[in-house]
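What follows is the content of final-v9.cif (mmCIF, C-alpha atoms and all ligand atoms).
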data_protein
#
loop_
_atom_site.label_atom_id
_atom_site.label_comp_id
_atom_site.auth_asym_id
_atom_site.auth_seq_id
_atom_site.Cartn_x
_atom_site.Cartn_y
_atom_site.Cartn_z
CA MET X 215 -12.61 0.21 31.08
CA LYS X 216 -13.51 -3.42 30.46
CA ILE X 217 -14.14 -4.03 26.79
CA GLY X 218 -15.32 -6.88 24.60
CA ILE X 219 -14.07 -7.62 21.08
CA ILE X 220 -16.27 -9.12 18.36
CA GLY X 221 -14.21 -10.52 15.46
CA CYS X 222 -10.85 -12.25 15.97
CA GLY X 223 -9.66 -12.19 12.35
CA ASN X 224 -6.68 -10.73 10.52
CA ILE X 225 -6.62 -7.26 12.10
CA SER X 226 -7.51 -8.42 15.62
CA GLY X 227 -3.89 -9.23 16.56
CA ILE X 228 -2.70 -5.63 16.77
CA TYR X 229 -5.85 -4.55 18.66
CA LEU X 230 -5.48 -7.45 21.11
CA LYS X 231 -1.81 -6.57 21.63
CA ASN X 232 -2.19 -2.81 21.99
CA LEU X 233 -5.37 -2.87 24.08
CA SER X 234 -3.93 -5.42 26.48
CA THR X 235 -0.34 -4.19 26.69
CA LEU X 236 0.09 -0.62 25.35
CA PHE X 237 -2.88 1.50 26.38
CA LYS X 238 -3.31 1.99 30.10
CA ASN X 239 -7.09 2.54 30.23
CA THR X 240 -8.28 -0.61 28.41
CA GLU X 241 -8.81 -4.14 29.70
CA ILE X 242 -10.04 -6.83 27.30
CA TYR X 243 -12.63 -8.82 29.25
CA ALA X 244 -13.94 -11.10 26.51
CA VAL X 245 -13.58 -12.00 22.83
CA SER X 246 -16.10 -13.43 20.38
CA ASP X 247 -15.91 -14.96 16.91
CA LEU X 248 -18.15 -17.18 14.80
CA ASP X 249 -15.06 -19.35 14.40
CA PRO X 250 -14.32 -20.80 17.87
CA THR X 251 -10.68 -21.55 16.98
CA LYS X 252 -9.97 -17.87 16.31
CA ALA X 253 -11.55 -16.82 19.61
CA GLU X 254 -9.59 -19.54 21.41
CA ASN X 255 -6.31 -18.37 19.82
CA ALA X 256 -6.99 -14.76 20.85
CA LYS X 257 -7.86 -15.80 24.41
CA ASN X 258 -4.78 -17.94 24.81
CA THR X 259 -2.30 -15.56 23.18
CA TYR X 260 -3.38 -12.50 25.16
CA ASN X 261 -4.67 -14.10 28.38
CA ILE X 262 -8.20 -12.83 27.86
CA PRO X 263 -10.47 -14.05 30.70
CA HIS X 264 -13.55 -15.00 28.64
CA ILE X 265 -14.83 -16.25 25.28
CA MET X 266 -18.46 -15.28 24.74
CA THR X 267 -21.14 -15.44 22.08
CA VAL X 268 -22.25 -12.03 20.81
CA ASP X 269 -25.46 -12.34 22.87
CA GLU X 270 -23.53 -13.17 26.03
CA MET X 271 -21.26 -10.18 25.46
CA LEU X 272 -24.22 -7.87 24.94
CA GLU X 273 -25.70 -9.04 28.25
CA CYS X 274 -22.45 -8.95 30.21
CA ARG X 275 -22.66 -6.24 32.89
CA GLU X 276 -18.88 -5.95 33.28
CA ILE X 277 -18.38 -4.84 29.66
CA GLU X 278 -18.99 -1.14 28.97
CA LEU X 279 -17.64 -0.85 25.41
CA ILE X 280 -17.56 -3.29 22.51
CA LEU X 281 -15.08 -3.18 19.64
CA ASN X 282 -16.62 -4.49 16.40
CA ILE X 283 -13.88 -5.74 14.08
CA THR X 284 -15.98 -8.00 11.90
CA THR X 285 -16.08 -7.53 8.11
CA PRO X 286 -17.96 -4.51 6.66
CA PRO X 287 -21.37 -6.17 6.00
CA PHE X 288 -21.70 -6.82 9.77
CA HIS X 289 -20.64 -3.36 10.97
CA TYR X 290 -24.14 -1.84 10.97
CA SER X 291 -26.11 -4.74 12.45
CA ILE X 292 -23.62 -5.55 15.22
CA CYS X 293 -23.12 -1.88 16.16
CA LYS X 294 -26.88 -1.44 16.37
CA GLN X 295 -27.12 -4.43 18.72
CA ILE X 296 -24.27 -3.01 20.86
CA LEU X 297 -26.02 0.36 21.22
CA LEU X 298 -29.39 -1.24 21.89
CA ALA X 299 -27.69 -3.20 24.67
CA ASN X 300 -26.66 0.19 26.16
CA LYS X 301 -22.95 -0.18 25.55
CA HIS X 302 -20.53 2.18 23.85
CA ALA X 303 -19.48 1.02 20.37
CA TYR X 304 -16.25 1.30 18.40
CA VAL X 305 -16.11 -0.15 14.90
CA GLU X 306 -13.52 -0.76 12.20
CA LYS X 307 -13.89 1.13 8.91
CA PRO X 308 -16.05 1.60 6.97
CA LEU X 309 -18.62 2.80 9.51
CA SER X 310 -21.38 1.03 7.52
CA LEU X 311 -22.19 0.07 3.95
CA THR X 312 -24.34 3.18 3.40
CA TYR X 313 -24.52 6.75 4.65
CA ALA X 314 -28.13 6.13 5.75
CA GLN X 315 -27.07 3.21 7.97
CA GLY X 316 -24.18 5.21 9.42
CA LYS X 317 -26.45 8.16 10.17
CA GLU X 318 -28.94 5.89 11.92
CA LEU X 319 -26.18 4.51 14.17
CA ILE X 320 -24.86 7.96 15.11
CA GLU X 321 -28.40 9.18 15.88
CA LEU X 322 -29.11 6.07 17.96
CA ALA X 323 -25.91 6.57 19.98
CA GLU X 324 -26.86 10.21 20.57
CA GLN X 325 -30.41 9.34 21.65
CA LYS X 326 -29.04 6.82 24.12
CA GLY X 327 -26.25 9.05 25.43
CA LEU X 328 -23.64 6.49 24.32
CA TYR X 329 -20.27 6.98 22.66
CA PHE X 330 -19.60 5.82 19.13
CA GLY X 331 -16.09 5.55 17.75
CA CYS X 332 -14.82 4.43 14.37
CA ALA X 333 -11.51 3.56 12.75
CA PRO X 334 -9.26 4.58 11.20
CA ASP X 335 -7.34 6.12 14.06
CA THR X 336 -4.10 6.51 12.11
CA PHE X 337 -4.84 10.25 11.92
CA LEU X 338 -4.06 10.36 15.66
CA GLY X 339 -0.59 9.03 14.90
CA ALA X 340 2.58 11.12 14.95
CA GLY X 341 2.71 11.67 11.17
CA ILE X 342 -0.71 13.19 10.52
CA GLN X 343 -0.73 15.06 13.86
CA THR X 344 2.60 16.68 12.91
CA CYS X 345 1.10 17.71 9.55
CA LYS X 346 -1.95 19.10 11.34
CA LYS X 347 0.24 21.26 13.59
CA LEU X 348 2.18 22.60 10.57
CA ILE X 349 -1.02 23.49 8.71
CA ASP X 350 -2.70 24.99 11.79
CA GLU X 351 0.41 27.15 12.37
CA GLY X 352 0.17 28.41 8.78
CA ARG X 353 3.55 26.97 7.79
CA ILE X 354 2.38 26.36 4.20
CA GLY X 355 -0.11 29.24 4.19
CA ASN X 356 -3.61 28.61 2.90
CA VAL X 357 -3.93 25.18 1.33
CA ILE X 358 -5.10 25.62 -2.24
CA GLY X 359 -4.82 22.09 -3.59
CA GLY X 360 -3.31 18.66 -3.36
CA GLU X 361 -3.22 15.06 -4.56
CA GLY X 362 -3.77 11.71 -2.90
CA PHE X 363 -3.01 8.27 -4.33
CA MET X 364 -3.80 4.85 -2.88
CA MET X 365 -3.03 2.47 -5.71
CA CYS X 366 -2.10 -1.21 -5.59
CA ARG X 367 -3.16 -4.50 -7.21
CA GLY X 368 -5.53 -5.50 -4.38
CA HIS X 369 -5.29 -7.56 -1.19
CA GLU X 370 -5.82 -11.09 -2.58
CA SER X 371 -2.07 -11.72 -2.58
CA TRP X 372 -1.73 -11.56 1.24
CA HIS X 373 -5.09 -11.62 3.09
CA PRO X 374 -6.19 -15.18 4.01
CA ALA X 375 -9.90 -14.43 3.34
CA PRO X 376 -9.91 -11.52 0.85
CA GLU X 377 -13.43 -12.00 -0.60
CA PHE X 378 -14.87 -9.06 1.36
CA TYR X 379 -12.50 -6.63 -0.40
CA TYR X 380 -14.45 -7.19 -3.65
CA ASP X 381 -17.91 -7.18 -2.10
CA VAL X 382 -20.15 -4.23 -1.23
CA GLY X 383 -18.38 -2.23 1.52
CA GLY X 384 -15.00 -3.22 0.08
CA GLY X 385 -13.09 -2.03 -2.97
CA PRO X 386 -10.22 0.44 -2.72
CA LEU X 387 -12.53 3.33 -1.88
CA PHE X 388 -14.43 1.86 1.10
CA ASP X 389 -11.43 -0.18 2.28
CA MET X 390 -8.51 2.25 1.92
CA GLY X 391 -10.31 5.53 1.24
CA PRO X 392 -11.12 6.06 4.94
CA TYR X 393 -7.40 6.44 5.77
CA TYR X 394 -6.86 9.12 3.10
CA LEU X 395 -10.16 10.91 3.58
CA THR X 396 -9.99 10.93 7.39
CA ALA X 397 -6.47 12.38 7.15
CA LEU X 398 -7.55 15.02 4.63
CA VAL X 399 -10.62 16.01 6.66
CA THR X 400 -8.48 16.16 9.82
CA LEU X 401 -6.04 18.48 8.04
CA LEU X 402 -8.43 20.62 5.97
CA GLY X 403 -11.91 20.33 7.51
CA LYS X 404 -15.26 19.83 5.85
CA VAL X 405 -15.63 18.67 2.25
CA LYS X 406 -18.29 20.77 0.54
CA SER X 407 -18.81 18.79 -2.67
CA VAL X 408 -17.36 15.98 -4.76
CA PHE X 409 -17.21 14.70 -8.33
CA ALA X 410 -15.85 11.31 -9.39
CA TYR X 411 -15.42 8.67 -12.08
CA ALA X 412 -15.41 5.05 -10.95
CA SER X 413 -14.74 1.89 -12.95
CA LYS X 414 -14.02 -1.82 -12.60
CA SER X 415 -11.08 -3.11 -14.66
CA PHE X 416 -11.44 -6.82 -13.77
CA THR X 417 -14.71 -8.69 -13.22
CA GLU X 418 -12.96 -11.53 -11.39
CA ARG X 419 -9.86 -11.81 -9.16
CA THR X 420 -7.80 -14.88 -8.28
CA ILE X 421 -6.64 -15.44 -4.71
CA THR X 422 -2.88 -16.03 -4.53
CA SER X 423 -2.59 -16.16 -0.72
CA ALA X 424 -2.93 -19.23 1.51
CA PRO X 425 -5.18 -21.07 2.29
CA LYS X 426 -7.52 -20.21 -0.64
CA TYR X 427 -4.86 -20.12 -3.39
CA GLY X 428 -6.44 -20.29 -6.86
CA THR X 429 -10.01 -19.49 -5.74
CA LYS X 430 -11.81 -16.97 -7.98
CA ILE X 431 -13.60 -13.96 -6.46
CA PRO X 432 -16.35 -12.12 -8.36
CA VAL X 433 -15.77 -8.36 -8.25
CA LYS X 434 -18.97 -6.59 -7.14
CA VAL X 435 -17.60 -3.08 -6.65
CA ASP X 436 -15.68 -0.42 -8.57
CA THR X 437 -11.93 -0.88 -8.24
CA HIS X 438 -10.52 2.30 -9.83
CA ILE X 439 -12.01 5.55 -8.56
CA VAL X 440 -10.79 9.05 -9.36
CA GLY X 441 -12.45 11.64 -7.15
CA LEU X 442 -12.35 15.43 -6.83
CA LEU X 443 -12.90 17.00 -3.43
CA LYS X 444 -13.86 20.64 -2.92
CA PHE X 445 -13.15 21.62 0.69
CA GLU X 446 -15.01 24.40 2.47
CA CYS X 447 -11.60 26.06 3.11
CA GLY X 448 -11.25 26.46 -0.67
CA ALA X 449 -8.75 23.66 -1.36
CA THR X 450 -9.37 21.33 -4.30
CA ILE X 451 -7.88 17.85 -3.95
CA THR X 452 -7.88 14.84 -6.28
CA LEU X 453 -7.90 11.38 -4.72
CA THR X 454 -7.33 8.18 -6.70
CA THR X 455 -8.03 4.85 -4.99
CA SER X 456 -7.35 1.72 -7.03
CA PHE X 457 -6.94 -2.03 -6.69
CA ASP X 458 -6.08 -2.24 -10.41
CA VAL X 459 -2.58 -0.69 -10.54
CA LEU X 460 0.50 -2.93 -10.63
CA LYS X 461 3.15 -0.30 -9.97
CA HIS X 462 3.39 3.50 -9.74
CA THR X 463 5.55 6.37 -8.56
CA MET X 464 2.93 8.71 -7.10
CA PRO X 465 3.05 10.09 -3.51
CA ASN X 466 0.56 9.21 -0.77
CA ILE X 467 -0.65 12.76 -0.21
CA GLU X 468 0.86 16.10 -1.25
CA LEU X 469 -0.66 19.42 -0.17
CA TYR X 470 0.10 22.73 -1.84
CA GLY X 471 -0.26 25.98 0.12
CA THR X 472 0.23 29.65 -0.69
CA GLU X 473 3.49 29.62 1.32
CA GLY X 474 4.78 26.09 0.82
CA SER X 475 4.13 22.41 0.12
CA LEU X 476 3.75 19.48 2.47
CA LEU X 477 4.45 15.79 1.89
CA VAL X 478 2.02 13.90 4.11
CA PRO X 479 3.08 10.35 5.10
CA ASP X 480 1.11 7.19 4.26
CA PRO X 481 -2.14 7.73 6.20
CA ASN X 482 -2.44 3.95 6.70
CA THR X 483 0.52 4.23 9.08
CA PHE X 484 1.09 6.18 12.27
CA GLY X 485 4.56 7.57 11.59
CA GLY X 486 6.40 9.80 9.11
CA PRO X 487 8.21 10.96 7.18
CA VAL X 488 6.74 14.46 7.08
CA LYS X 489 8.51 16.82 4.66
CA ILE X 490 7.98 20.51 4.07
CA SER X 491 9.10 23.00 1.44
CA THR X 492 8.63 26.72 2.10
CA VAL X 493 9.38 30.01 0.37
CA ALA X 494 12.45 30.41 2.64
CA ASN X 495 13.64 26.81 2.23
CA LYS X 496 12.54 25.37 -1.12
CA GLU X 497 14.10 21.89 -0.77
CA PHE X 498 11.84 19.38 0.96
CA THR X 499 13.19 18.85 4.49
CA ASP X 500 12.17 16.38 7.20
CA VAL X 501 10.11 17.67 10.10
CA LYS X 502 10.54 16.18 13.59
CA LEU X 503 7.41 14.29 14.66
CA ILE X 504 5.54 15.79 17.60
CA SER X 505 4.24 12.63 19.25
CA PRO X 506 5.55 9.27 20.46
CA TYR X 507 2.83 7.38 18.51
CA SER X 508 4.76 6.59 15.33
CA ALA X 509 4.63 2.76 15.45
CA ASN X 510 1.44 0.75 14.83
CA SER X 511 -0.82 2.24 17.51
CA ARG X 512 -4.18 0.81 16.37
CA GLY X 513 -6.52 1.21 19.29
CA ILE X 514 -5.40 4.79 20.06
CA GLY X 515 -8.83 6.01 18.91
CA LEU X 516 -10.55 3.59 21.27
CA SER X 517 -8.28 4.53 24.17
CA GLU X 518 -8.93 8.22 23.43
CA THR X 519 -12.68 7.49 23.33
CA ILE X 520 -12.45 6.18 26.90
CA VAL X 521 -10.63 9.38 27.93
CA ALA X 522 -13.40 11.39 26.23
CA ILE X 523 -16.09 9.41 28.08
CA GLY X 524 -14.37 10.32 31.37
CA GLU X 525 -14.20 13.99 30.37
CA ASN X 526 -17.74 14.09 28.91
CA ARG X 527 -16.57 15.49 25.56
CA LEU X 528 -16.71 14.23 21.98
CA ASN X 529 -14.09 11.65 21.09
CA ASN X 530 -11.67 12.34 18.21
CA ALA X 531 -12.10 9.11 16.20
CA SER X 532 -15.84 9.71 16.41
CA GLY X 533 -18.68 8.21 14.45
CA LYS X 534 -19.50 11.75 13.26
CA LEU X 535 -16.11 12.10 11.60
CA ALA X 536 -16.51 8.63 10.05
CA LEU X 537 -20.00 9.58 8.85
CA HIS X 538 -18.62 12.56 6.90
CA VAL X 539 -16.01 10.24 5.35
CA LEU X 540 -18.71 7.67 4.52
CA GLU X 541 -20.83 10.35 2.84
CA ILE X 542 -17.84 11.42 0.74
CA MET X 543 -17.22 7.82 -0.39
CA GLU X 544 -20.85 7.11 -1.17
CA SER X 545 -21.08 10.43 -3.03
CA PHE X 546 -18.06 9.53 -5.20
CA ILE X 547 -19.98 6.49 -6.46
CA THR X 548 -23.26 8.41 -6.86
CA SER X 549 -21.41 11.15 -8.73
CA SER X 550 -19.87 8.61 -11.08
CA ASN X 551 -23.19 6.85 -11.69
CA GLU X 552 -25.16 10.06 -12.20
CA HIS X 553 -22.41 12.20 -13.82
CA ARG X 554 -22.94 15.15 -11.50
CA GLU X 555 -21.30 17.06 -8.67
CA ILE X 556 -22.70 16.08 -5.25
CA THR X 557 -23.01 18.60 -2.40
CA LEU X 558 -22.54 16.97 0.98
CA GLU X 559 -25.01 17.12 3.85
CA SER X 560 -22.79 16.15 6.79
CA SER X 561 -20.05 18.11 8.57
CA PRO X 562 -17.12 16.73 10.54
CA PRO X 563 -16.98 17.73 14.21
CA VAL X 564 -14.25 19.99 15.58
CA LEU X 565 -11.52 17.75 17.01
CA CYS X 566 -10.45 18.04 20.64
CA GLU X 567 -6.79 19.08 20.92
CA LEU X 568 -4.57 16.49 22.51
CA ASP X 569 -1.29 17.03 24.36
CA TRP X 570 1.34 14.84 22.69
CA SER X 571 4.05 15.37 25.31
CA VAL X 572 3.02 12.07 26.86
CA ASN X 573 4.55 8.64 27.30
CA LEU X 574 3.47 5.82 24.99
CA GLY X 575 0.22 4.31 26.23
CA GLU X 576 -1.06 7.60 27.67
CA ILE X 577 -3.56 10.02 26.15
CA LYS X 578 -3.95 13.55 27.52
CA THR X 579 -6.34 16.34 26.57
CA LYS X 580 -4.74 19.79 26.14
N1 LIG X 601 -6.78 -6.97 7.68
C1 LIG X 601 -6.30 -5.75 7.78
O1 LIG X 601 -5.10 -5.50 7.54
C2 LIG X 601 -7.19 -4.63 8.21
C3 LIG X 601 -6.59 -3.41 8.51
C4 LIG X 601 -7.34 -2.38 8.98
C5 LIG X 601 -8.69 -2.54 9.10
N2 LIG X 601 -9.30 -3.70 8.77
C6 LIG X 601 -10.77 -3.80 8.93
O2 LIG X 601 -11.05 -4.66 10.00
C7 LIG X 601 -12.26 -5.39 9.73
C8 LIG X 601 -11.95 -6.87 9.82
O3 LIG X 601 -10.98 -7.18 8.86
P1 LIG X 601 -10.13 -8.52 8.96
O4 LIG X 601 -9.10 -8.41 7.93
O5 LIG X 601 -9.74 -8.77 10.37
O6 LIG X 601 -11.25 -9.58 8.48
P2 LIG X 601 -11.27 -11.14 8.75
O7 LIG X 601 -12.24 -11.72 7.79
O8 LIG X 601 -9.89 -11.68 8.80
O9 LIG X 601 -11.87 -11.25 10.23
C9 LIG X 601 -13.21 -10.96 10.55
C10 LIG X 601 -13.61 -11.88 11.68
O10 LIG X 601 -14.91 -11.53 12.14
C11 LIG X 601 -15.62 -12.73 12.41
N3 LIG X 601 -17.06 -12.44 12.35
C12 LIG X 601 -17.75 -12.04 11.25
N4 LIG X 601 -19.04 -11.87 11.61
C13 LIG X 601 -19.15 -12.16 12.91
C14 LIG X 601 -20.24 -12.19 13.82
N5 LIG X 601 -21.47 -11.89 13.45
N6 LIG X 601 -19.98 -12.52 15.11
C15 LIG X 601 -18.73 -12.86 15.51
N7 LIG X 601 -17.66 -12.87 14.67
C16 LIG X 601 -17.88 -12.52 13.39
C17 LIG X 601 -15.15 -13.70 11.35
O11 LIG X 601 -15.36 -15.05 11.73
C18 LIG X 601 -13.68 -13.35 11.24
O12 LIG X 601 -12.87 -14.13 12.11
C19 LIG X 601 -12.73 -4.94 8.34
O13 LIG X 601 -13.71 -3.95 8.50
C20 LIG X 601 -11.47 -4.36 7.71
O14 LIG X 601 -11.81 -3.33 6.80
C21 LIG X 601 -8.57 -4.77 8.36
#
Could you write out this structure as structure tokens?
Amino acid sequence: MKIGIIGCGNISGIYLKNLSTLFKNTEIYAVSDLDPTKAENAKNTYNIPHIMTVDEMLECREIELILNITTPPFHYSICKQILLANKHAYVEKPLSLTYAQGKELIELAEQKGLYFGCAPDTFLGAGIQTCKKLIDEGRIGNVIGGEGFMMCRGHESWHPAPEFYYDVGGGPLFDMGPYYLTALVTLLGKVKSVFAYASKSFTERTITSAPKYGTKIPVKVDTHIVGLLKFECGATITLTTSFDVLKHTMPNIELYGTEGSLLVPDPNTFGGPVKISTVANKEFTDVKLISPYSANSRGIGLSETIVAIGENRLNNASGKLALHVLEIMESFITSSNEHREITLESSPPVLCELDWSVNLGEIKTK
């Protein structure tokens, strides 16, 4: 399928690489960026045929799907334009700034019979898929609880334009939370209700990366959020996301079941290690990964969306899954502001089972 890409910033490199060289069903037809130099660089590095304005891309008959990898404040408006132009949309996380905006996009896609996909797609990587198989096979019994930690001192030390991480739609929850929450929902299903405390430890951050070294950023969002998730399956999980922590020793995600415990790998990566401890074998031991997608496979969700379009079924990295994650994140903040437990409205869809005995670059439905 011929696709267009809007946004040629920091994360575009891996998408440009994987969608032009790794995945077999994608062909990048055009790129677009407000900054012409970035679009030019993308075109030249990956031999992309065209540079277009957003309007030209929306009108281009050759392009069937548009990947929106602009910063979060533009996710809603650009996705809406893509759908109104009768093209399938795939967007980076977070789906939108608010649950209401996300819901509107998913409903619009449905009304128009178009596909909507959303990052992260790391849950389709070898690490989380191996964990999913272990849980589905009952290897740790019924999951009763767990912990998740995404804690660091923020992204202003490495990202060249990190302002958006401290603006609405950023912060550790909306930026990194989608990896952890999408993984947890993939593994455990629907979240029934949440409770959270959120705070902001610093009102200003100083950029220490090039080229904006020394520039101050006002912090407009909470940067330390401790949330409690009650899953419909009965599991209770705590998730801490923070841009305020210098150093720590906590795991990414641990899950505790009636028959064992599982160490889930960093959900911001595609690989392992996956470790399991069971009643029969108490020491944590490595589990062999079930899929070849253990290196950075960003774009796998988009490639799988194209397979789903061909098979007329729901895609795995779907807008509906991202909407459930967005509702969880928004509800964490509402819960903290209003000091109450929030019951969720949305449900994640049932994922289509994929056959992982494939070669890299291929996606196959079971
Ligand atoms: N940087 C990362 O490591 C990373 C990783 C995973 C996901 N993401 C997500 O990817 C998205 C983009 O992040 P990034 O780091 O690449 O940001 P970035 O600021 O480096 O790049 C965004 C690009 O989009 C362009 N843009 C913005 N509005 C536009 C518009 N209306 N039309 C055309 N171009 C427009 C900007 O000029 C810029 O080049 C974010 O949602 C982020 O959460 C980033």
TODO: Could you jot down the atom CA of Phe330 of chain X to atom CA of Ile217 of chain X separation for me, Å, one decimal place?
DONE: 13.6 Å
Open item on the list: Residues within 7 Å of segment 218-229 of chain X, please, as a ChimeraX atom specification. Count only C-alpha atoms; anything in the same chain fewer than 4 positions from it doesn't count.
Closed with: /X:233,242-247,252-253,256,271,277,279-284,512-513
Open item on the list: Using all atoms listed in the file and a cutoff of 10 Å, can you tell me which residues are near (-28.7, 4.7, 22.0) in the file's coordinates, and write them out as a ChimeraX atom specification?
Closed with: /X:294-302,319-330
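Of the listed residues (X:Thr396, X:Thr472, X:Ser511, X:Ser561), X:Ser511 comes nearest to Gly485 of chain X; the distances count only C-alpha atoms.
When only C-alpha atoms are used to measure the gap to His553 of chain X, the shortest distance among X:Asn261, X:Glu370, X:Ile292, X:Val408 belongs to X:Val408.
We find atom CA of His264 of chain X and atom C18 of ligand LIG 601 (chain X) to be spaced 17.5 Å apart.
The nearest approach to ligand LIG 601 (chain X) among the residues X:Thr492, X:Ser415, X:Gln343, X:Asn510, with all atoms listed in the file taken into account, belongs to X:Asn510.
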Around segment 470-486 of chain X, with edges along x, y and z and 5 Å added on all six sides, what centre and edge lengths do you get, in Å to one decimal, as AutoDock Vina command-line options?
--center_x 2.0 --center_y 16.8 --center_z 5.2 --size_x 18.8 --size_y 35.7 --size_z 24.1
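Of the listed residues X:Ala340, X:Trp372, X:Glu361, X:Glu241, the one whose atoms come nearest to ligand LIG 601 (chain X) is X:Trp372, with distances taken using only C-alpha atoms and all ligand atoms.
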Skipping near chain neighbours, those fewer than 3 positions away, what residues fall within 8 Å of Ala531 of chain X using all atoms listed in the file, listed as a short mmCIF file (atom, residue, chain, number, x, y, z; two decimals) with C-alpha atoms, keeping the file's coordinate frame?
data_model
loop_
_atom_site.label_atom_id
_atom_site.label_comp_id
_atom_site.auth_asym_id
_atom_site.auth_seq_id
_atom_site.Cartn_x
_atom_site.Cartn_y
_atom_site.Cartn_z
CA GLY X 331 -16.09 5.55 17.75
CA CYS X 332 -14.82 4.43 14.37
CA ALA X 333 -11.51 3.56 12.75
CA PRO X 334 -9.26 4.58 11.20
CA ASP X 335 -7.34 6.12 14.06
CA GLY X 515 -8.83 6.01 18.91
CA LEU X 516 -10.55 3.59 21.27
CA GLU X 518 -8.93 8.22 23.43
CA THR X 519 -12.68 7.49 23.33
CA LEU X 535 -16.11 12.10 11.60
CA ALA X 536 -16.51 8.63 10.05
#
TODO: Pick out the closest residue to ligand LIG 601 (chain X) from this set: X:Thr557, X:Ser456, X:Asn356, X:Thr267. Count all atoms listed in the file.
DONE: X:Thr267
TODO: Up to 8 Å from (-16.6, 4.1, 6.9) in the file's coordinates: name the residues, counting all atoms listed in the file, as number ranges by chain.
DONE: X: 306-311, 332-333, 388, 392, 536-537, 539-540
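Of the residues under consideration (X:Lys430, X:His373, X:Lys406, X:Lys347), X:Lys430 shows the shortest atom-to-atom contact distance to Glu418 of chain X when counting all atoms listed in the file.
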- [ ] Please provide as a count of residues only all residues within 9 Å of Phe378 of chain X, with the sequence filter that same-chain residues fewer than 4 positions apart are discarded (counting only C-alpha atoms).
- [x] 7
- [ ] Please provide as a ChimeraX atom specification all residues within 10 Å of His369 of chain X, with the sequence filter that same-chain residues fewer than 6 positions apart are discarded (counting all atoms listed in the file).
- [x] /X:375-377,379-380,385-386,421-423,457
